[in-house]
Every structure is written in structure tokens, then in C-alpha cells.
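Q: Sharing query.txt, compact mmCIF, C-alpha atoms and all ligand atoms:
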# COMPACT_ATOMS: atom_id res chain seq x y z
CA MET A 1 65.73 111.10 169.63
CA THR A 2 62.07 110.27 170.05
CA ALA A 3 59.58 110.23 167.15
CA GLN A 4 58.27 113.59 168.39
CA ASP A 5 61.70 115.23 168.03
CA TYR A 6 61.49 114.85 164.25
CA LEU A 7 58.22 116.74 163.87
CA TYR A 8 58.54 120.45 162.98
CA ALA A 9 55.31 122.44 162.75
CA ALA A 10 55.42 125.23 160.14
CA LEU A 11 53.79 128.41 161.42
CA ASP A 12 52.45 129.59 158.04
CA GLN A 13 49.47 131.58 156.87
CA MET A 14 48.86 133.22 160.24
CA ASP A 15 49.56 136.57 161.84
CA PRO A 16 52.10 136.62 164.70
CA GLU A 17 49.43 136.49 167.39
CA GLN A 18 47.76 133.43 165.89
CA ALA A 19 51.14 131.79 165.27
CA LEU A 20 52.20 132.25 168.89
CA ALA A 21 48.86 130.98 170.19
CA LEU A 22 49.20 127.84 168.06
CA ALA A 23 52.86 127.38 168.99
CA ARG A 24 52.08 127.60 172.71
CA ARG A 25 49.26 125.13 172.33
CA ILE A 26 51.26 122.44 170.55
CA ALA A 27 54.80 123.08 171.89
CA SER A 28 54.78 120.04 174.17
CA HIS A 29 53.71 117.76 171.29
CA VAL A 30 56.15 118.71 168.52
CA GLY A 31 59.91 118.54 168.11
CA GLY A 32 60.29 122.10 166.84
CA PHE A 33 58.88 124.93 164.76
CA LYS A 34 59.54 126.35 161.33
CA ILE A 35 59.17 130.08 160.69
CA GLY A 36 59.13 131.15 157.06
CA MET A 37 59.27 134.49 155.29
CA ASP A 38 55.52 134.84 155.64
CA LEU A 39 55.58 135.08 159.45
CA PHE A 40 59.05 136.64 159.63
CA ASN A 41 58.07 139.50 157.34
CA GLN A 42 55.08 140.23 159.57
CA GLY A 43 56.52 139.70 163.04
CA GLY A 44 60.28 140.11 162.51
CA PRO A 45 62.85 139.07 165.12
CA ASP A 46 60.36 139.54 167.98
CA VAL A 47 58.14 136.70 166.86
CA VAL A 48 61.21 134.50 166.33
CA ARG A 49 62.43 135.21 169.88
CA ALA A 50 58.96 134.51 171.30
CA VAL A 51 58.84 131.13 169.57
CA VAL A 52 62.43 130.31 170.63
CA GLU A 53 61.40 131.03 174.23
CA LEU A 54 58.94 128.13 174.11
CA GLY A 55 62.01 125.91 174.40
CA ARG A 56 61.78 123.97 171.14
CA PRO A 57 64.35 124.23 168.34
CA VAL A 58 63.41 126.67 165.60
CA PHE A 59 64.17 126.44 161.88
CA LEU A 60 64.15 129.89 160.27
CA ASP A 61 63.26 129.33 156.61
CA LEU A 62 64.51 132.53 154.97
CA LYS A 63 66.40 130.95 152.03
CA LEU A 64 69.16 133.53 151.89
CA HIS A 65 70.71 134.25 148.48
CA ASP A 66 72.83 137.38 147.96
CA ILE A 67 76.45 138.47 147.68
CA PRO A 68 78.69 136.72 150.25
CA GLN A 69 79.21 139.68 152.58
CA THR A 70 75.50 140.49 152.75
CA VAL A 71 74.61 136.88 153.45
CA ALA A 72 77.32 136.66 156.13
CA ARG A 73 75.86 139.67 157.93
CA GLY A 74 72.34 138.30 157.61
CA VAL A 75 73.47 134.98 159.09
CA GLN A 76 75.22 136.75 161.97
CA ALA A 77 72.01 138.58 162.83
CA VAL A 78 70.06 135.31 162.85
CA ARG A 79 72.70 133.59 165.00
CA ASP A 80 71.89 135.95 167.84
CA LEU A 81 68.17 135.04 167.76
CA GLY A 82 68.82 131.59 169.17
CA VAL A 83 67.39 129.57 166.28
CA ARG A 84 68.93 126.17 165.55
CA TYR A 85 68.55 125.98 161.74
CA LEU A 86 68.64 128.54 158.92
CA ASN A 87 68.64 127.88 155.19
CA VAL A 88 70.45 129.34 152.19
CA HIS A 89 70.18 128.76 148.45
CA ALA A 90 72.98 126.53 147.15
CA THR A 91 72.63 128.40 143.82
CA GLY A 92 74.21 131.40 145.60
CA GLY A 93 77.51 129.67 144.82
CA GLU A 94 80.38 128.28 146.81
CA THR A 95 81.84 131.60 148.01
CA MET A 96 78.47 132.68 149.37
CA LEU A 97 77.95 129.30 151.05
CA ARG A 98 81.38 129.44 152.63
CA ALA A 99 80.75 132.97 153.93
CA ALA A 100 77.43 131.82 155.39
CA ARG A 101 79.07 128.81 157.01
CA GLU A 102 81.77 130.93 158.63
CA ALA A 103 79.24 133.43 159.94
CA ALA A 104 77.03 130.69 161.40
CA GLY A 105 79.51 129.58 164.04
CA SER A 106 78.95 126.30 165.85
CA ARG A 107 75.43 126.64 167.30
CA LEU A 108 73.50 127.70 164.19
CA HIS A 109 73.21 124.91 161.60
CA LEU A 110 72.79 125.77 157.94
CA LEU A 111 70.60 123.83 155.56
CA ALA A 112 70.98 124.29 151.80
CA VAL A 113 68.13 124.39 149.32
CA THR A 114 69.44 122.75 146.15
CA LEU A 115 66.72 122.88 143.51
CA LEU A 116 63.34 124.27 144.56
CA THR A 117 60.67 121.63 144.07
CA SER A 118 58.82 124.17 141.93
CA ILE A 119 61.66 124.11 139.36
CA ASP A 120 61.15 121.29 136.86
CA ALA A 121 63.40 120.30 133.93
CA ALA A 122 61.87 122.92 131.62
CA ALA A 123 62.20 125.73 134.17
CA ALA A 124 65.83 124.76 134.89
CA ALA A 125 66.62 124.75 131.17
CA ALA A 126 64.97 128.18 130.74
CA ILE A 127 67.26 129.57 133.48
CA GLY A 128 70.21 128.08 131.63
CA TRP A 129 71.09 125.28 134.05
CA GLN A 130 72.46 122.27 132.21
CA GLY A 131 71.51 118.65 132.73
CA THR A 132 68.62 116.86 134.37
CA PRO A 133 67.27 118.06 137.73
CA GLN A 134 69.15 115.18 139.36
CA GLU A 135 72.44 116.24 137.75
CA ILE A 136 71.83 119.83 138.87
CA VAL A 137 71.18 118.64 142.45
CA GLU A 138 74.36 116.53 142.36
CA ARG A 139 76.45 119.54 141.31
CA LEU A 140 74.87 121.74 143.99
CA VAL A 141 75.51 119.10 146.66
CA ARG A 142 79.20 119.03 145.72
CA ILE A 143 79.41 122.81 146.04
CA THR A 144 77.52 122.76 149.34
CA GLN A 145 79.72 120.04 150.80
CA SER A 146 82.92 121.71 149.78
CA ALA A 147 81.70 124.89 151.54
CA GLY A 148 81.33 122.85 154.74
CA ILE A 149 77.53 122.97 154.99
CA GLU A 150 76.14 119.69 156.13
CA GLY A 151 72.36 119.96 155.83
CA TYR A 152 69.69 120.12 153.14
CA VAL A 153 66.03 120.88 152.61
CA THR A 154 64.60 118.46 150.07
CA SER A 155 61.47 116.69 148.92
CA GLY A 156 60.77 113.30 150.46
CA GLU A 157 61.37 111.67 147.08
CA GLU A 158 64.89 113.09 146.89
CA ALA A 159 65.81 112.54 150.53
CA ALA A 160 67.23 109.07 149.91
CA MET A 161 69.35 110.37 147.02
CA LEU A 162 70.76 113.11 149.27
CA ARG A 163 71.49 110.59 152.00
CA ARG A 164 73.58 108.73 149.43
CA LEU A 165 75.31 111.82 148.00
CA ALA A 166 75.94 113.46 151.35
CA PRO A 167 76.01 110.80 154.06
CA GLY A 168 75.84 112.13 157.58
CA SER A 169 74.04 115.33 156.58
CA VAL A 170 70.96 116.73 158.30
CA ILE A 171 67.91 116.41 156.05
CA ALA A 172 64.71 118.45 156.35
CA VAL A 173 61.68 117.28 154.38
CA PRO A 174 58.55 119.40 153.76
CA GLY A 175 55.51 118.22 151.79
CA VAL A 176 54.58 115.55 154.33
CA ARG A 177 51.00 114.34 154.50
CA ARG A 178 49.13 111.53 156.13
CA ALA A 179 47.13 109.53 153.57
CA LYS A 180 43.92 111.13 154.83
CA ASP A 181 45.15 114.74 154.51
CA ALA A 182 44.47 117.03 151.56
CA VAL A 183 47.47 117.34 149.25
CA ALA A 184 46.62 121.05 148.55
CA ASP A 185 49.23 122.68 146.29
CA GLN A 186 52.01 120.20 147.05
CA ARG A 187 52.90 118.01 144.13
CA ARG A 188 55.40 115.59 145.61
CA VAL A 189 54.19 114.44 148.98
CA VAL A 190 55.32 111.60 151.22
CA THR A 191 53.82 110.18 154.41
CA PRO A 192 55.52 110.73 157.78
CA ALA A 193 56.67 107.10 157.87
CA GLN A 194 58.10 107.33 154.34
CA ALA A 195 59.92 110.56 155.22
CA ARG A 196 61.45 108.97 158.29
CA ARG A 197 62.45 105.82 156.43
CA ALA A 198 64.11 107.99 153.76
CA GLY A 199 66.26 109.45 156.52
CA ALA A 200 64.54 112.78 157.27
CA ASP A 201 65.81 114.45 160.46
CA LEU A 202 63.26 117.29 160.35
CA ILE A 203 59.76 116.34 159.15
CA ILE A 204 58.04 119.62 158.33
CA VAL A 205 54.27 119.84 158.47
CA GLY A 206 52.31 123.03 157.89
CA ARG A 207 48.63 123.18 157.12
CA ALA A 208 47.86 119.58 158.11
CA ILE A 209 48.52 120.62 161.72
CA ALA A 210 47.91 124.39 161.71
CA GLN A 211 44.58 124.19 159.94
CA ALA A 212 43.33 121.00 161.58
CA PRO A 213 40.21 121.34 163.75
CA ASP A 214 42.31 119.80 166.53
CA PRO A 215 45.99 120.77 165.96
CA LEU A 216 47.17 118.94 169.07
CA GLY A 217 45.48 115.70 167.99
CA ALA A 218 46.90 116.14 164.48
CA ALA A 219 50.42 116.61 165.88
CA GLN A 220 50.03 113.45 167.97
CA ALA A 221 48.83 111.50 164.94
CA PHE A 222 51.89 112.65 162.97
CA VAL A 223 54.19 111.55 165.79
CA GLU A 224 52.57 108.11 165.81
CA GLU A 225 53.09 107.76 162.07
CA ILE A 226 56.72 108.89 162.34
CA ALA A 227 57.19 106.19 164.99
CA GLU A 228 55.83 103.61 162.51
CA GLY A 229 58.54 104.68 160.06
CA GLU A 230 61.18 104.11 162.75
CA THR A 231 60.19 100.53 163.44
CA ALA A 232 59.27 99.40 159.91
O1 LIG B 301 51.35 123.27 154.59
P1 LIG B 301 52.50 122.44 154.15
O2 LIG B 301 52.71 121.23 155.00
O3 LIG B 301 52.46 122.14 152.66
O4 LIG B 301 53.76 123.40 154.40
C1 LIG B 301 55.05 123.01 154.03
C2 LIG B 301 56.04 124.05 154.44
O5 LIG B 301 57.32 123.75 153.88
C3 LIG B 301 55.72 125.46 153.95
O6 LIG B 301 56.24 126.35 154.92
C4 LIG B 301 56.49 125.58 152.65
O7 LIG B 301 56.88 126.92 152.38
C5 LIG B 301 57.72 124.74 152.93
N1 LIG B 301 58.32 124.14 151.75
C6 LIG B 301 57.63 123.33 150.88
N2 LIG B 301 58.21 122.75 149.79
C7 LIG B 301 59.50 122.98 149.54
C8 LIG B 301 60.23 123.79 150.41
C9 LIG B 301 59.61 124.36 151.50
O8 LIG B 301 56.44 123.10 151.08
N3 LIG B 301 60.05 122.39 148.51
Can you give me the file's structure in the form of C-alpha cells?

A:
Amino acid sequence: MTAQDYLYAALDQMDPEQALALARRIASHVGGFKIGMDLFNQGGPDVVRAVVELGRPVFLDLKLHDIPQTVARGVQAVRDLGVRYLNVHATGGETMLRAAREAAGSRLHLLAVTLLTSIDAAAAAAIGWQGTPQEIVERLVRITQSAGIEGYVTSGEEAAMLRRLAPGSVIAVPGVRRAKDAVADQRRVVTPAQARRAGADLIIVGRAIAQAPDPLGAAQAFVEEIAEGETA
């Protein structure tokens, strides 16, 4: 793995044409791409296939959460698109996670979202989830592991905890900013070097690349900072 392989550019807040133009422009300078519900709901499977064709791994961020059979069918449909990663909500429960895992086969890797970073202690309590956010995450990791899913999406701050709870798992970290970038609406941000040191395998960067005046230069700068995290 090179430092570049860790960098995943999120194609957010664009229409499919703009997203594809950006993806083509930066494909040789990133490790992969993330497509979320924003772009997927506009461009559907066609835009996913077009990004996959650029030859970089794609993470489809659809956060599936439904009854097991429905999720299994949704996963099967994604498997045929050629993406490498897809995520599901761990709060869907162990039977749903197991059904997703079975449907994914060996080429599509599933990542679990444990607790959304937008859910704080008060929001979790209002839903009826017991314990501190950390205790909730620990329970969800146990369920996820017993379903055979070996990857997670998590904040940079929690990445080290997940590494400890689930050694050997694939960890994707969004909310990554260089010190000079605007934090925007992200509350818990880490730098690329911190994310890498915490064990992130996918370092997900959206606006700081997509909305930069020079997206290619921004991608290169992120790669350099990831490399610093590798050596430090
Ligand atoms: O623009 P920015 O770098 O903040 O984009 C981060 C990407 O990661 C967005 O696609 C966002 O939906 C996603 N994400 C996040 N925080 C989470 C989970 C996913 O920002 N906790």
C-alpha cells in the first residue's frame, strides 16, 4: 500500500456530470472514491458503474438498514456493480448483518456504521439505548463481529478504540481535514496523519478536495500528509 491508496475522495454535493468530471480529473492521484446517497439518488447505478470504470476502488456509502431479506437483496444488487465496499447500520441487528454478509460474497466488503457521529449521549438516551456512547459502540462491535463483518466506518477519535476492540478490521474514517482546511459542519475532525496513525485504512475526504480551487493539488497534499502519518 502506498500513502495514496488510503485516500478516498467523496463525490458529494455535485450532480453526476460534475462528479464524473472531478473523478476523471483526480483518479490518478487518489486511492479510491466514495459515493453517498446524495450522488446515488441522482445518478443511480449508472454513475456508480462509470466511476468503477475509472479503475479505482469504490466505497458505496448507502448505510443499509432494513429487514434482513430486503437488505440481502439490496446487497446482492450492489455486488454486481463492482464496488469494493458497502456499508450497513450495525443497529439493524445481528440477523440483518448476517444476511448482508452472506449476500456480499467474497469480493464486496461490508463496513458497519456503529453509532452515527451525530448521535450524542442525549440523543442515544432519547432513542432508548442504554449506556454511554462508548458502551453502545462496544455492544454494536460485538454484534457486528459475530455476524462476520470485519470493517467499520468511524470518527478518527474512535478509530483507535475500534482497532483495539476489533483487531484486523478494515477502518474507514471520514471527517479528515488538514490544519488549514475549514472544519465546516464536522465536529470531530482529525488530520490525515492522525487518521493514518490511528489505523485508518480508508481516509475519506469530501469538500476539502472537491471544493478546492485545485482539487488535484489538494489530493496530492493529502497524500503527502498521510505519508507523514506512516513514518511518524
Ligand atoms: O466534506 P467532508 O470531508 O466533511 O465529507 C465527509 C464525507 O463522509 C461525507 O460524504 C459524509 O457524508 C461522510 N461521513 C461523515 N461523518 C460520518 C460518516 C460519514 O462526514 N460520521

Q: For ligand LIG 301 (chain B), collect every residue having any atom at a distance of at most 10 Å from a ligand atom (counting only C-alpha atoms and all ligand atoms); output as an mmCIF file with C-alpha atoms, keeping the file's coordinate frame.

A:
data_model
loop_
_atom_site.group_PDB
_atom_site.id
_atom_site.type_symbol
_atom_site.label_atom_id
_atom_site.label_comp_id
_atom_site.auth_asym_id
_atom_site.auth_seq_id
_atom_site.Cartn_x
_atom_site.Cartn_y
_atom_site.Cartn_z
ATOM 1 C CA TYR A 8 58.540 120.450 162.980
ATOM 2 C CA ALA A 9 55.310 122.440 162.750
ATOM 3 C CA ALA A 10 55.420 125.230 160.140
ATOM 4 C CA LEU A 11 53.790 128.410 161.420
ATOM 5 C CA ASP A 12 52.450 129.590 158.040
ATOM 6 C CA GLN A 13 49.470 131.580 156.870
ATOM 7 C CA LYS A 34 59.540 126.350 161.330
ATOM 8 C CA ILE A 35 59.170 130.080 160.690
ATOM 9 C CA GLY A 36 59.130 131.150 157.060
ATOM 10 C CA MET A 37 59.270 134.490 155.290
ATOM 11 C CA ASP A 38 55.520 134.840 155.640
ATOM 12 C CA LEU A 39 55.580 135.080 159.450
ATOM 13 C CA ASP A 61 63.260 129.330 156.610
ATOM 14 C CA LEU A 62 64.510 132.530 154.970
ATOM 15 C CA LYS A 63 66.400 130.950 152.030
ATOM 16 C CA VAL A 113 68.130 124.390 149.320
ATOM 17 C CA THR A 114 69.440 122.750 146.150
ATOM 18 C CA LEU A 115 66.720 122.880 143.510
ATOM 19 C CA LEU A 116 63.340 124.270 144.560
ATOM 20 C CA THR A 117 60.670 121.630 144.070
ATOM 21 C CA SER A 118 58.820 124.170 141.930
ATOM 22 C CA ILE A 119 61.660 124.110 139.360
ATOM 23 C CA VAL A 153 66.030 120.880 152.610
ATOM 24 C CA THR A 154 64.600 118.460 150.070
ATOM 25 C CA SER A 155 61.470 116.690 148.920
ATOM 26 C CA GLY A 156 60.770 113.300 150.460
ATOM 27 C CA ALA A 172 64.710 118.450 156.350
ATOM 28 C CA VAL A 173 61.680 117.280 154.380
ATOM 29 C CA PRO A 174 58.550 119.400 153.760
ATOM 30 C CA GLY A 175 55.510 118.220 151.790
ATOM 31 C CA VAL A 176 54.580 115.550 154.330
ATOM 32 C CA ARG A 177 51.000 114.340 154.500
ATOM 33 C CA ASP A 181 45.150 114.740 154.510
ATOM 34 C CA ALA A 182 44.470 117.030 151.560
ATOM 35 C CA VAL A 183 47.470 117.340 149.250
ATOM 36 C CA ALA A 184 46.620 121.050 148.550
ATOM 37 C CA ASP A 185 49.230 122.680 146.290
ATOM 38 C CA GLN A 186 52.010 120.200 147.050
ATOM 39 C CA ARG A 187 52.900 118.010 144.130
ATOM 40 C CA ARG A 188 55.400 115.590 145.610
ATOM 41 C CA VAL A 189 54.190 114.440 148.980
ATOM 42 C CA ILE A 203 59.760 116.340 159.150
ATOM 43 C CA ILE A 204 58.040 119.620 158.330
ATOM 44 C CA VAL A 205 54.270 119.840 158.470
ATOM 45 C CA GLY A 206 52.310 123.030 157.890
ATOM 46 C CA ARG A 207 48.630 123.180 157.120
ATOM 47 C CA ALA A 208 47.860 119.580 158.110
ATOM 48 C CA ILE A 209 48.520 120.620 161.720
ATOM 49 C CA ALA A 210 47.910 124.390 161.710
ATOM 50 C CA GLN A 211 44.580 124.190 159.940
#

Q: Quick one: residues within 10 Å of A:Arg197, all atoms listed in the file, excluding same-chain residues fewer than 2 positions away - as a ChimeraX atom specification?

A: /A:156,159-160,191-195,199-200,226,228-232

Q: Of the candidates A:His109, A:Arg84, A:Lys180, A:Arg139, which shows the shortest atom-to-atom distance to A:Phe59, using only C-alpha atoms?

A: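 Between A:His109, A:Arg84, A:Lys180, A:Arg139, the residue approaching A:Phe59 most closely is A:Arg84.
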
Q: What's around A:Arg101 at 9 Å? Count all atoms listed in the file, leave out sequence neighbours fewer than 6 positions away in its own chain, and write the answer as a VMD selection string.

A: chain A and resid 72 75 109 to 110 147 to 149

Q: Do you know which residues are at most 12 Å from stretch 46-58 of chain A counting only C-alpha atoms, after dropping those on the same chain fewer than 6 positions away, and could you put them as a PDB file with C-alpha atoms, in the coordinates of the input?

A:
ATOM      1  CA  GLN A   4      58.270 113.590 168.390  1.00  0.00           C
ATOM      2  CA  ASP A   5      61.700 115.230 168.030  1.00  0.00           C
ATOM      3  CA  TYR A   6      61.490 114.850 164.250  1.00  0.00           C
ATOM      4  CA  LEU A   7      58.220 116.740 163.870  1.00  0.00           C
ATOM      5  CA  TYR A   8      58.540 120.450 162.980  1.00  0.00           C
ATOM      6  CA  ALA A   9      55.310 122.440 162.750  1.00  0.00           C
ATOM      7  CA  ALA A  10      55.420 125.230 160.140  1.00  0.00           C
ATOM      8  CA  LEU A  11      53.790 128.410 161.420  1.00  0.00           C
ATOM      9  CA  MET A  14      48.860 133.220 160.240  1.00  0.00           C
ATOM     10  CA  ASP A  15      49.560 136.570 161.840  1.00  0.00           C
ATOM     11  CA  PRO A  16      52.100 136.620 164.700  1.00  0.00           C
ATOM     12  CA  GLU A  17      49.430 136.490 167.390  1.00  0.00           C
ATOM     13  CA  GLN A  18      47.760 133.430 165.890  1.00  0.00           C
ATOM     14  CA  ALA A  19      51.140 131.790 165.270  1.00  0.00           C
ATOM     15  CA  LEU A  20      52.200 132.250 168.890  1.00  0.00           C
ATOM     16  CA  ALA A  21      48.860 130.980 170.190  1.00  0.00           C
ATOM     17  CA  LEU A  22      49.200 127.840 168.060  1.00  0.00           C
ATOM     18  CA  ALA A  23      52.860 127.380 168.990  1.00  0.00           C
ATOM     19  CA  ARG A  24      52.080 127.600 172.710  1.00  0.00           C
ATOM     20  CA  ARG A  25      49.260 125.130 172.330  1.00  0.00           C
ATOM     21  CA  ILE A  26      51.260 122.440 170.550  1.00  0.00           C
ATOM     22  CA  ALA A  27      54.800 123.080 171.890  1.00  0.00           C
ATOM     23  CA  SER A  28      54.780 120.040 174.170  1.00  0.00           C
ATOM     24  CA  HIS A  29      53.710 117.760 171.290  1.00  0.00           C
ATOM     25  CA  VAL A  30      56.150 118.710 168.520  1.00  0.00           C
ATOM     26  CA  GLY A  31      59.910 118.540 168.110  1.00  0.00           C
ATOM     27  CA  GLY A  32      60.290 122.100 166.840  1.00  0.00           C
ATOM     28  CA  PHE A  33      58.880 124.930 164.760  1.00  0.00           C
ATOM     29  CA  LYS A  34      59.540 126.350 161.330  1.00  0.00           C
ATOM     30  CA  ILE A  35      59.170 130.080 160.690  1.00  0.00           C
ATOM     31  CA  GLY A  36      59.130 131.150 157.060  1.00  0.00           C
ATOM     32  CA  MET A  37      59.270 134.490 155.290  1.00  0.00           C
ATOM     33  CA  ASP A  38      55.520 134.840 155.640  1.00  0.00           C
ATOM     34  CA  LEU A  39      55.580 135.080 159.450  1.00  0.00           C
ATOM     35  CA  PHE A  40      59.050 136.640 159.630  1.00  0.00           C
ATOM     36  CA  VAL A  78      70.060 135.310 162.850  1.00  0.00           C
ATOM     37  CA  ARG A  79      72.700 133.590 165.000  1.00  0.00           C
ATOM     38  CA  ASP A  80      71.890 135.950 167.840  1.00  0.00           C
ATOM     39  CA  LEU A  81      68.170 135.040 167.760  1.00  0.00           C
ATOM     40  CA  GLY A  82      68.820 131.590 169.170  1.00  0.00           C
ATOM     41  CA  VAL A  83      67.390 129.570 166.280  1.00  0.00           C
ATOM     42  CA  ARG A  84      68.930 126.170 165.550  1.00  0.00           C
ATOM     43  CA  TYR A  85      68.550 125.980 161.740  1.00  0.00           C
ATOM     44  CA  LEU A  86      68.640 128.540 158.920  1.00  0.00           C
ATOM     45  CA  ASN A  87      68.640 127.880 155.190  1.00  0.00           C
ATOM     46  CA  ARG A 107      75.430 126.640 167.300  1.00  0.00           C
ATOM     47  CA  LEU A 108      73.500 127.700 164.190  1.00  0.00           C
ATOM     48  CA  HIS A 109      73.210 124.910 161.600  1.00  0.00           C
ATOM     49  CA  LEU A 202      63.260 117.290 160.350  1.00  0.00           C
ATOM     50  CA  ILE A 204      58.040 119.620 158.330  1.00  0.00           C
TER      51      ILE A 204
END

Q: What's around stretch 121-124 of chain A at 6 Å? Count all atoms listed in the file, leave out sequence neighbours fewer than 3 positions away in its own chain, and write the answer as number ranges by chain.

A: A: 127, 129, 133
